>>> print(open('work.csv').read())   # CSV, N, CA and C atoms
chain,number,residue,atom,x,y,z
B,10,MET,N,15.9,30.7,-20.7
B,10,MET,CA,16.7,29.6,-20.9
B,10,MET,C,16.5,29.0,-22.3
B,11,ASN,N,15.6,29.6,-23.1
B,11,ASN,CA,15.4,29.1,-24.4
B,11,ASN,C,14.9,27.7,-24.5
B,12,ARG,N,14.1,27.3,-23.6
B,12,ARG,CA,13.5,25.9,-23.7
B,12,ARG,C,12.0,26.1,-23.8
B,13,ASN,N,11.4,25.3,-24.7
B,13,ASN,CA,9.9,25.4,-24.8
B,13,ASN,C,9.2,24.6,-23.7
B,14,LEU,N,7.9,24.8,-23.6
B,14,LEU,CA,7.1,24.2,-22.5
B,14,LEU,C,7.0,22.7,-22.7
B,15,GLU,N,7.0,22.2,-23.9
B,15,GLU,CA,6.9,20.7,-24.1
B,15,GLU,C,8.2,20.0,-23.5
B,16,GLU,N,9.3,20.6,-23.7
B,16,GLU,CA,10.6,20.0,-23.2
B,16,GLU,C,10.6,20.0,-21.7
B,17,LEU,N,10.1,21.1,-21.1
B,17,LEU,CA,10.0,21.2,-19.7
B,17,LEU,C,9.1,20.2,-19.1
B,18,LEU,N,7.9,20.1,-19.7
B,18,LEU,CA,7.0,19.1,-19.2
B,18,LEU,C,7.5,17.7,-19.3
B,19,SER,N,8.1,17.4,-20.4
B,19,SER,CA,8.7,16.0,-20.6
B,19,SER,C,9.8,15.8,-19.6
B,20,GLY,N,10.6,16.8,-19.3
B,20,GLY,CA,11.6,16.6,-18.3
B,20,GLY,C,11.0,16.4,-16.9
B,21,LEU,N,10.0,17.1,-16.6
B,21,LEU,CA,9.3,16.9,-15.3
B,21,LEU,C,8.7,15.5,-15.2
B,22,ALA,N,8.1,15.1,-16.3
B,22,ALA,CA,7.5,13.7,-16.4
B,22,ALA,C,8.6,12.6,-16.2
B,23,TYR,N,9.7,12.8,-16.8
B,23,TYR,CA,10.8,11.8,-16.7
B,23,TYR,C,11.4,11.8,-15.3
B,24,ARG,N,11.6,13.0,-14.7
B,24,ARG,CA,12.1,13.0,-13.3
B,24,ARG,C,11.2,12.5,-12.3
B,25,SER,N,9.9,12.8,-12.5
B,25,SER,CA,8.9,12.3,-11.5
B,25,SER,C,8.6,10.8,-11.6
B,26,GLY,N,8.6,10.3,-12.8
B,26,GLY,CA,8.3,8.9,-13.0
B,26,GLY,C,6.8,8.6,-12.9
B,27,LEU,N,5.9,9.6,-12.8
B,27,LEU,CA,4.5,9.4,-12.6
B,27,LEU,C,3.8,9.3,-14.0
B,28,GLU,N,3.0,8.3,-14.1
B,28,GLU,CA,2.3,8.0,-15.4
B,28,GLU,C,1.4,9.2,-15.8
B,29,ASP,N,0.7,9.8,-14.8
B,29,ASP,CA,-0.2,10.9,-15.1
B,29,ASP,C,0.5,12.1,-15.7
B,30,ILE,N,1.6,12.4,-15.2
B,30,ILE,CA,2.4,13.5,-15.7
B,30,ILE,C,2.9,13.2,-17.1
B,31,GLN,N,3.4,12.0,-17.3
B,31,GLN,CA,3.9,11.6,-18.6
B,31,GLN,C,2.7,11.7,-19.7
B,32,ASN,N,1.6,11.2,-19.3
B,32,ASN,CA,0.4,11.3,-20.2
B,32,ASN,C,0.1,12.8,-20.5
B,33,PHE,N,0.1,13.6,-19.5
B,33,PHE,CA,-0.3,15.0,-19.7
B,33,PHE,C,0.8,15.7,-20.6
B,34,ALA,N,2.0,15.4,-20.4
B,34,ALA,CA,3.1,16.0,-21.2
B,34,ALA,C,2.9,15.6,-22.7
B,35,ASP,N,2.6,14.3,-22.9
B,35,ASP,CA,2.4,13.8,-24.3
B,35,ASP,C,1.2,14.5,-24.9
B,36,ILE,N,0.1,14.5,-24.2
B,36,ILE,CA,-1.1,15.1,-24.7
B,36,ILE,C,-0.9,16.6,-24.9
B,37,PHE,N,-0.3,17.3,-24.0
B,37,PHE,CA,0.0,18.7,-24.2
B,37,PHE,C,0.9,19.0,-25.4
B,38,ALA,N,1.9,18.2,-25.6
B,38,ALA,CA,2.8,18.4,-26.8
B,38,ALA,C,2.0,18.2,-28.1
B,39,ALA,N,1.2,17.1,-28.1
B,39,ALA,CA,0.4,16.8,-29.3
B,39,ALA,C,-0.6,17.9,-29.6
B,40,ALA,N,-1.3,18.4,-28.6
B,40,ALA,CA,-2.3,19.4,-28.7
B,40,ALA,C,-1.7,20.7,-29.2
B,41,LYS,N,-0.5,21.1,-28.7
B,41,LYS,CA,0.1,22.3,-29.0
B,41,LYS,C,0.6,22.3,-30.5
B,42,ARG,N,1.1,21.1,-30.9
B,42,ARG,CA,1.5,21.0,-32.3
B,42,ARG,C,0.4,21.0,-33.3
B,43,THR,N,-0.8,20.4,-32.9
B,43,THR,CA,-1.9,20.3,-33.8
B,43,THR,C,-2.9,21.5,-33.6
B,44,GLY,N,-2.6,22.3,-32.7
B,44,GLY,CA,-3.5,23.5,-32.5
B,44,GLY,C,-4.8,23.2,-31.7
B,45,GLY,N,-4.7,22.2,-30.8
B,45,GLY,CA,-5.9,21.9,-30.0
B,45,GLY,C,-6.3,22.9,-28.9
B,46,ASN,N,-7.4,22.7,-28.3
B,46,ASN,CA,-7.8,23.6,-27.3
B,46,ASN,C,-7.1,23.3,-25.9
B,47,LEU,N,-6.0,24.0,-25.7
B,47,LEU,CA,-5.2,23.7,-24.5
B,47,LEU,C,-5.9,23.9,-23.2
B,48,ILE,N,-6.8,24.9,-23.1
B,48,ILE,CA,-7.5,25.1,-21.8
B,48,ILE,C,-8.4,24.0,-21.5
B,49,ALA,N,-9.1,23.5,-22.5
B,49,ALA,CA,-10.0,22.4,-22.3
B,49,ALA,C,-9.2,21.1,-22.0
B,50,ILE,N,-8.1,20.9,-22.6
B,50,ILE,CA,-7.3,19.7,-22.4
B,50,ILE,C,-6.7,19.8,-20.9
B,51,ILE,N,-6.3,20.9,-20.5
B,51,ILE,CA,-5.7,21.1,-19.1
B,51,ILE,C,-6.9,20.8,-18.1
B,52,ARG,N,-8.0,21.4,-18.4
B,52,ARG,CA,-9.2,21.2,-17.5
B,52,ARG,C,-9.6,19.8,-17.4
B,53,ASN,N,-9.7,19.1,-18.5
B,53,ASN,CA,-10.0,17.7,-18.5
B,53,ASN,C,-9.0,16.8,-17.8
B,54,THR,N,-7.7,17.1,-18.1
B,54,THR,CA,-6.7,16.3,-17.4
B,54,THR,C,-6.7,16.6,-15.9
B,55,MET,N,-6.9,17.8,-15.5
B,55,MET,CA,-7.0,18.1,-14.1
B,55,MET,C,-8.2,17.3,-13.4
B,56,GLN,N,-9.3,17.2,-14.1
B,56,GLN,CA,-10.5,16.5,-13.5
B,56,GLN,C,-10.1,15.0,-13.5
B,57,CYS,N,-9.5,14.5,-14.5
B,57,CYS,CA,-9.2,13.0,-14.4
B,57,CYS,C,-8.2,12.7,-13.3
B,58,ILE,N,-7.2,13.5,-13.1
B,58,ILE,CA,-6.2,13.3,-12.1
B,58,ILE,C,-6.9,13.5,-10.7
B,59,GLY,N,-7.7,14.5,-10.6
B,59,GLY,CA,-8.5,14.7,-9.3
B,59,GLY,C,-9.4,13.5,-9.0
B,60,GLN,N,-10.1,13.0,-10.0
B,60,GLN,CA,-10.9,11.8,-9.7
B,60,GLN,C,-10.1,10.6,-9.3
B,61,LYS,N,-9.0,10.4,-10.0
B,61,LYS,CA,-8.1,9.3,-9.7
B,61,LYS,C,-7.6,9.4,-8.2
B,62,GLU,N,-7.2,10.6,-7.8
B,62,GLU,CA,-6.7,10.8,-6.5
B,62,GLU,C,-7.8,10.6,-5.4
B,63,GLU,N,-9.0,11.1,-5.8
B,63,GLU,CA,-10.1,10.9,-4.9
B,63,GLU,C,-10.5,9.5,-4.7
B,64,THR,N,-10.4,8.7,-5.7
B,64,THR,CA,-10.7,7.3,-5.7
B,64,THR,C,-9.6,6.6,-4.8
B,65,ARG,N,-8.4,7.0,-5.0
B,65,ARG,CA,-7.3,6.4,-4.2
B,65,ARG,C,-7.4,6.6,-2.7
B,66,LEU,N,-7.8,7.9,-2.4
B,66,LEU,CA,-8.0,8.2,-1.0
B,66,LEU,C,-9.2,7.5,-0.4
B,67,GLU,N,-10.3,7.3,-1.2
B,67,GLU,CA,-11.4,6.6,-0.7
B,67,GLU,C,-11.1,5.2,-0.4
B,68,ILE,N,-10.4,4.5,-1.3
B,68,ILE,CA,-10.0,3.1,-1.1
B,68,ILE,C,-9.0,3.0,0.1
B,69,GLU,N,-8.1,4.0,0.2
B,69,GLU,CA,-7.2,4.0,1.4
B,69,GLU,C,-8.0,4.1,2.7
B,70,THR,N,-9.0,5.0,2.7
B,70,THR,CA,-9.8,5.2,3.9
B,70,THR,C,-10.5,3.9,4.3
B,71,CYS,N,-11.1,3.2,3.3
B,71,CYS,CA,-11.8,2.0,3.5
B,71,CYS,C,-10.9,0.9,4.0
B,72,LEU,N,-9.6,0.9,3.5
B,72,LEU,CA,-8.7,-0.2,3.9
B,72,LEU,C,-8.0,0.1,5.3
B,73,SER,N,-8.0,1.3,5.7
B,73,SER,CA,-7.3,1.6,7.0
B,73,SER,C,-7.9,0.9,8.2
B,74,ALA,N,-9.2,0.7,8.2
B,74,ALA,CA,-9.8,0.0,9.3
B,74,ALA,C,-9.4,-1.5,9.2
B,75,LYS,N,-9.4,-2.0,8.0
B,75,LYS,CA,-9.0,-3.4,7.9
B,75,LYS,C,-7.5,-3.7,8.2
B,76,LYS,N,-6.7,-2.7,7.9
B,76,LYS,CA,-5.3,-2.8,8.2
B,76,LYS,C,-5.1,-2.8,9.7
B,77,MET,N,-5.8,-1.9,10.4
B,77,MET,CA,-5.7,-1.9,11.9
B,77,MET,C,-6.2,-3.2,12.5
B,78,GLU,N,-7.3,-3.7,11.9
B,78,GLU,CA,-7.9,-5.0,12.4
B,78,GLU,C,-6.9,-6.1,12.2
B,79,GLN,N,-6.2,-6.1,11.1
B,79,GLN,CA,-5.2,-7.1,10.8
B,79,GLN,C,-4.0,-7.0,11.7
B,80,ASN,N,-3.6,-5.8,12.1
B,80,ASN,CA,-2.5,-5.6,13.0
B,80,ASN,C,-2.9,-6.2,14.4
B,81,ILE,N,-4.1,-5.9,14.8
B,81,ILE,CA,-4.6,-6.3,16.1
B,81,ILE,C,-4.7,-7.9,16.2
B,82,MET,N,-5.3,-8.4,15.1
B,82,MET,CA,-5.4,-9.9,15.0
B,82,MET,C,-4.1,-10.6,15.0
B,83,SER,N,-3.1,-9.9,14.4
B,83,SER,CA,-1.7,-10.5,14.4
B,83,SER,C,-1.1,-10.5,15.8
B,84,LEU,N,-1.4,-9.6,16.6
B,84,LEU,CA,-0.8,-9.5,17.9
B,84,LEU,C,-1.5,-10.3,19.0
B,85,VAL,N,-2.8,-10.7,18.8
B,85,VAL,CA,-3.5,-11.4,19.8
B,85,VAL,C,-2.9,-12.7,20.2
B,86,PRO,N,-2.5,-13.6,19.3
B,86,PRO,CA,-1.9,-14.8,19.7
B,86,PRO,C,-0.6,-14.6,20.6
B,87,VAL,N,0.2,-13.7,20.2
B,87,VAL,CA,1.4,-13.4,20.9
B,87,VAL,C,1.1,-12.9,22.3
B,88,LEU,N,0.1,-12.0,22.4
B,88,LEU,CA,-0.3,-11.4,23.7
B,88,LEU,C,-0.9,-12.5,24.6
B,89,ILE,N,-1.6,-13.4,24.0
B,89,ILE,CA,-2.2,-14.5,24.8
B,89,ILE,C,-1.1,-15.3,25.4
B,90,LEU,N,-0.1,-15.7,24.6
B,90,LEU,CA,1.0,-16.5,25.1
B,90,LEU,C,1.8,-15.7,26.2
B,91,VAL,N,2.0,-14.5,26.0
B,91,VAL,CA,2.7,-13.7,27.0
B,91,VAL,C,1.9,-13.6,28.3
B,92,TYR,N,0.6,-13.4,28.2
B,92,TYR,CA,-0.3,-13.4,29.4
B,92,TYR,C,-0.3,-14.7,30.1
B,93,ILE,N,-0.4,-15.8,29.4
B,93,ILE,CA,-0.4,-17.1,30.1
B,93,ILE,C,1.0,-17.3,30.8
B,94,GLN,N,2.0,-16.9,30.1
B,94,GLN,CA,3.4,-17.1,30.7
B,94,GLN,C,3.5,-16.3,31.9
B,95,MET,N,2.9,-15.1,32.0
B,95,MET,CA,3.1,-14.2,33.1
B,95,MET,C,2.2,-14.7,34.3
B,96,VAL,N,1.0,-15.2,34.0
B,96,VAL,CA,0.0,-15.6,35.0
B,96,VAL,C,0.4,-16.9,35.6
B,97,SER,N,0.7,-17.9,34.7
B,97,SER,CA,1.0,-19.2,35.1
B,97,SER,C,2.3,-19.6,34.5
B,98,PRO,N,3.5,-19.3,35.1
B,98,PRO,CA,4.8,-19.6,34.5
B,98,PRO,C,5.0,-21.0,34.0
B,99,GLY,N,4.5,-22.0,34.7
B,99,GLY,CA,4.8,-23.4,34.3
B,99,GLY,C,3.8,-24.0,33.4
B,100,PHE,N,2.8,-23.3,33.1
B,100,PHE,CA,1.6,-23.9,32.3
B,100,PHE,C,2.1,-24.3,30.9
B,101,MET,N,2.9,-23.6,30.3
B,101,MET,CA,3.3,-23.9,28.9
B,101,MET,C,4.5,-24.8,28.8
B,102,ASP,N,5.1,-25.3,29.9
B,102,ASP,CA,6.3,-26.1,29.9
B,102,ASP,C,6.1,-27.4,29.2
B,103,SER,N,4.9,-28.0,29.2
B,103,SER,CA,4.6,-29.2,28.5
B,103,SER,C,4.7,-29.1,27.0
B,104,MET,N,4.5,-27.8,26.5
B,104,MET,CA,4.5,-27.6,25.1
B,104,MET,C,5.9,-27.3,24.6
B,105,TYR,N,6.8,-26.9,25.4
B,105,TYR,CA,8.1,-26.4,25.0
B,105,TYR,C,9.2,-27.3,25.4
B,106,HIS,N,9.0,-28.3,26.3
B,106,HIS,CA,10.1,-29.1,26.8
B,106,HIS,C,10.0,-30.6,26.5
B,107,ASN,N,9.3,-30.9,25.4
B,107,ASN,CA,9.3,-32.3,24.9
B,107,ASN,C,9.3,-32.2,23.3
B,108,ALA,N,9.6,-33.3,22.7
B,108,ALA,CA,9.7,-33.3,21.2
B,108,ALA,C,8.4,-33.1,20.6
B,109,ALA,N,7.3,-33.7,21.0
B,109,ALA,CA,6.0,-33.5,20.4
B,109,ALA,C,5.5,-32.1,20.5
B,110,GLY,N,5.7,-31.5,21.7
B,110,GLY,CA,5.3,-30.1,21.9
B,110,GLY,C,6.1,-29.2,21.0
B,111,ILE,N,7.4,-29.4,20.9
B,111,ILE,CA,8.2,-28.6,20.1
B,111,ILE,C,7.8,-28.6,18.6
B,112,ILE,N,7.5,-29.8,18.1
B,112,ILE,CA,7.0,-30.0,16.8
B,112,ILE,C,5.7,-29.3,16.5
B,113,ILE,N,4.8,-29.5,17.5
B,113,ILE,CA,3.4,-28.9,17.3
B,113,ILE,C,3.5,-27.4,17.4
B,114,MET,N,4.3,-26.8,18.3
B,114,MET,CA,4.5,-25.4,18.4
B,114,MET,C,5.2,-24.8,17.2
B,115,SER,N,6.1,-25.6,16.6
B,115,SER,CA,6.8,-25.1,15.4
B,115,SER,C,5.9,-25.0,14.2
B,116,ILE,N,5.0,-26.0,14.1
B,116,ILE,CA,4.0,-26.0,13.1
B,116,ILE,C,3.1,-24.8,13.3
B,117,CYS,N,2.7,-24.6,14.5
B,117,CYS,CA,1.8,-23.5,14.8
B,117,CYS,C,2.5,-22.1,14.5
B,118,LEU,N,3.7,-22.0,14.8
B,118,LEU,CA,4.5,-20.8,14.5
B,118,LEU,C,4.6,-20.6,13.0
B,119,ALA,N,4.8,-21.7,12.2
B,119,ALA,CA,4.8,-21.6,10.7
B,119,ALA,C,3.4,-21.2,10.2
B,120,VAL,N,2.4,-21.7,10.7
B,120,VAL,CA,1.0,-21.3,10.3
B,120,VAL,C,0.7,-19.9,10.7
B,121,TYR,N,1.2,-19.5,11.9
B,121,TYR,CA,1.0,-18.1,12.3
B,121,TYR,C,1.8,-17.2,11.4
B,122,GLY,N,3.0,-17.5,11.0
B,122,GLY,CA,3.8,-16.7,10.1
B,122,GLY,C,3.2,-16.6,8.7
B,123,ALA,N,2.6,-17.7,8.2
B,123,ALA,CA,2.0,-17.7,6.9
B,123,ALA,C,0.7,-16.9,6.9
B,124,ALA,N,0.0,-17.0,8.0
B,124,ALA,CA,-1.3,-16.2,8.2
B,124,ALA,C,-0.9,-14.7,8.2
B,125,TRP,N,0.1,-14.3,9.0
B,125,TRP,CA,0.5,-12.9,9.1
B,125,TRP,C,0.9,-12.4,7.7
B,126,TYR,N,1.8,-13.2,7.0
B,126,TYR,CA,2.2,-12.8,5.6
B,126,TYR,C,1.0,-12.7,4.7
B,127,TRP,N,0.1,-13.6,4.7
B,127,TRP,CA,-1.0,-13.6,3.8
B,127,TRP,C,-1.9,-12.4,4.1
B,128,GLY,N,-2.1,-12.1,5.4
B,128,GLY,CA,-2.9,-11.0,5.8
B,128,GLY,C,-2.3,-9.7,5.4
B,129,ARG,N,-1.0,-9.5,5.4
B,129,ARG,CA,-0.3,-8.3,4.9
B,129,ARG,C,-0.5,-8.2,3.4
B,130,LYS,N,-0.4,-9.3,2.7
B,130,LYS,CA,-0.6,-9.2,1.2
B,130,LYS,C,-2.1,-8.8,0.9
B,131,ILE,N,-3.0,-9.3,1.7
B,131,ILE,CA,-4.4,-9.0,1.4
B,131,ILE,C,-4.7,-7.5,1.6
B,132,VAL,N,-4.2,-6.9,2.7
B,132,VAL,CA,-4.5,-5.5,3.0
B,132,VAL,C,-3.6,-4.5,2.3
B,133,ASN,N,-2.5,-5.0,1.6
B,133,ASN,CA,-1.6,-4.1,0.9
B,133,ASN,C,-2.0,-4.0,-0.5
B,134,ILE,N,-3.0,-3.2,-0.8
B,134,ILE,CA,-3.5,-3.0,-2.2
B,134,ILE,C,-2.9,-1.7,-2.7
B,135,GLU,N,-2.4,-1.7,-3.9
B,135,GLU,CA,-1.8,-0.5,-4.6
B,135,GLU,C,-2.9,0.0,-5.5
B,136,VAL,N,-3.1,1.3,-5.5
B,136,VAL,CA,-4.0,1.9,-6.4
B,136,VAL,C,-3.3,2.6,-7.5
>>> encode(input="work.csv", output="C-alpha cells")
Amino acid sequence: MNRNLEELLSGLAYRSGLEDIQNFADIFAAAKRTGGNLIAIIRNTMQCIGQKEETRLEIETCLSAKKMEQNIMSLVPVLILVYIQMVSPGFMDSMYHNAAGIIIMSICLAVYGAAWYWGRKIVNIEV
C-alpha cells in the first residue's frame, strides 16, 4: 500500500486515542529518522507500558474490596428500612405521616444520597 511504518503507527495512535501508543509512535518516528537503536527503544517502551498496566491492575485489585464494601454499606440503610416495614408494618408510620417526620426523613434521605455520591467518588479512581 506504499505507506511507511511511521504513518501506520501515527494512524493507529490517532484512532486508538491512547497516550502510550501516541508516545510510542512519536518516539519510533524520531528514532527511525535519527538512526536510533529501534530494538532497545521498543524493548524499553514495552517495559514501561507493562509496568504501567501492572500498576493499574494492582490498584484496581486493592480498590475492588473497597468498592464492594461501599456497595454493601450503601444498601444497609435501605435493607434495614425494608426489614422494619416487613416485620412491624405500622412502626414507621410516625415518621412518614406527620410534617416533622417527613422533614426529618427528607433530610436523612438527602444525607444518604450525598453519602452515596461521595462514596462513589472516593472509590472511583482513574489510573
>>> atom_distance(input="work.csv", atom1="atom CA of B:Ser83", atom2="atom C of B:Ala124")
7.5 Å
>>> select_by_dssp(input="work.csv", residues="chain B", states="helix (DSSP H, G or I)", output="MDAnalysis selection string")
chainID B and resid 14:25 28:43 47:96 102:105 108:132
>>> atom_distance(input="work.csv", atom1="atom CA of B:Phe37", atom2="atom CA of B:Ile50")
7.6 Å
>>> atom_distance(input="work.csv", atom1="atom CA of B:Ala49", atom2="atom N of B:Leu27")
22.5 Å
>>> closest_residue(input="work.csv", among="B:Ile93, B:Met114, B:Ala38, B:Val132", to="B:Asn13", atoms="only C-alpha atoms")
B:Ala38
>>> closest_residue(input="work.csv", among="B:Gly128, B:Asn46, B:Ser19, B:Val96", to="B:Phe33", atoms="only N, CA and C atoms")
B:Ser19
>>> closest_residue(input="work.csv", among="B:Glu78, B:Glu62, B:Glu69, B:Glu15", to="B:Arg129", atoms="only C-alpha atoms")
B:Glu78
>>> closest_residue(input="work.csv", among="B:Met104, B:Leu72, B:Gly99, B:Leu88", to="B:Ile134", atoms="all atoms listed in the file")
B:Leu72
>>> decode(input="work.csv", residues="stretch 51-61 of chain B", atoms="all heavy atoms", output="compact mmCIF listing (two decimals), in the first residue's frame")
# COMPACT_ATOMS: atom_id res chain seq x y z
N ILE B 51 12.02 -0.15 21.44
CA ILE B 51 10.81 -0.97 21.52
C ILE B 51 10.80 -1.75 22.83
O ILE B 51 9.78 -1.84 23.51
CB ILE B 51 10.70 -1.89 20.30
CG1 ILE B 51 10.41 -1.06 19.05
CG2 ILE B 51 9.61 -2.94 20.50
CD1 ILE B 51 10.48 -1.84 17.76
N ARG B 52 11.93 -2.31 23.22
CA ARG B 52 12.01 -3.08 24.47
C ARG B 52 11.72 -2.19 25.68
O ARG B 52 10.96 -2.56 26.58
CB ARG B 52 13.39 -3.72 24.59
CG ARG B 52 13.50 -4.66 25.78
CD ARG B 52 14.84 -5.40 25.81
NE ARG B 52 14.88 -6.32 24.67
CZ ARG B 52 15.88 -6.38 23.77
NH1 ARG B 52 16.92 -5.59 23.90
NH2 ARG B 52 15.85 -7.24 22.79
N ASN B 53 12.31 -0.98 25.70
CA ASN B 53 12.10 -0.05 26.81
C ASN B 53 10.65 0.40 26.87
O ASN B 53 10.04 0.48 27.95
CB ASN B 53 13.04 1.15 26.65
CG ASN B 53 13.00 2.07 27.86
OD1 ASN B 53 12.63 1.65 28.94
ND2 ASN B 53 13.35 3.31 27.65
N THR B 54 10.07 0.70 25.72
CA THR B 54 8.67 1.11 25.67
C THR B 54 7.76 -0.01 26.16
O THR B 54 6.80 0.22 26.89
CB THR B 54 8.28 1.54 24.25
OG1 THR B 54 9.17 2.56 23.82
CG2 THR B 54 6.87 2.05 24.20
N MET B 55 8.06 -1.23 25.75
CA MET B 55 7.28 -2.38 26.17
C MET B 55 7.34 -2.55 27.70
O MET B 55 6.32 -2.81 28.35
CB MET B 55 7.79 -3.65 25.49
CG MET B 55 7.00 -4.90 25.81
SD MET B 55 7.66 -6.35 25.01
CE MET B 55 9.20 -6.56 25.89
N GLN B 56 8.51 -2.36 28.29
CA GLN B 56 8.65 -2.47 29.74
C GLN B 56 7.87 -1.36 30.45
O GLN B 56 7.20 -1.63 31.46
CB GLN B 56 10.12 -2.42 30.14
CG GLN B 56 10.89 -3.66 29.81
CD GLN B 56 12.37 -3.52 30.13
OE1 GLN B 56 12.87 -2.42 30.37
NE2 GLN B 56 13.08 -4.64 30.10
N CYS B 57 7.93 -0.14 29.93
CA CYS B 57 7.21 0.97 30.56
C CYS B 57 5.70 0.75 30.51
O CYS B 57 5.00 0.94 31.51
CB CYS B 57 7.56 2.29 29.87
SG CYS B 57 9.22 2.86 30.20
N ILE B 58 5.20 0.31 29.36
CA ILE B 58 3.76 0.06 29.24
C ILE B 58 3.35 -1.10 30.13
O ILE B 58 2.30 -1.07 30.78
CB ILE B 58 3.38 -0.19 27.76
CG1 ILE B 58 3.54 1.10 26.96
CG2 ILE B 58 1.95 -0.71 27.63
CD1 ILE B 58 3.38 0.93 25.47
N GLY B 59 4.18 -2.14 30.20
CA GLY B 59 3.90 -3.29 31.06
C GLY B 59 3.85 -2.90 32.53
O GLY B 59 2.97 -3.34 33.28
N GLN B 60 4.79 -2.05 32.97
CA GLN B 60 4.80 -1.60 34.37
C GLN B 60 3.59 -0.74 34.67
O GLN B 60 3.00 -0.86 35.75
CB GLN B 60 6.08 -0.81 34.65
CG GLN B 60 7.31 -1.67 34.76
CD GLN B 60 8.58 -0.84 34.94
OE1 GLN B 60 8.57 0.38 34.78
NE2 GLN B 60 9.67 -1.52 35.27
N LYS B 61 3.21 0.10 33.73
CA LYS B 61 2.03 0.94 33.94
C LYS B 61 0.77 0.09 34.05
O LYS B 61 -0.07 0.31 34.93
CB LYS B 61 1.89 1.93 32.78
CG LYS B 61 0.76 2.90 32.95
CD LYS B 61 0.73 3.89 31.80
CE LYS B 61 -0.43 4.85 31.97
NZ LYS B 61 -0.51 5.80 30.87
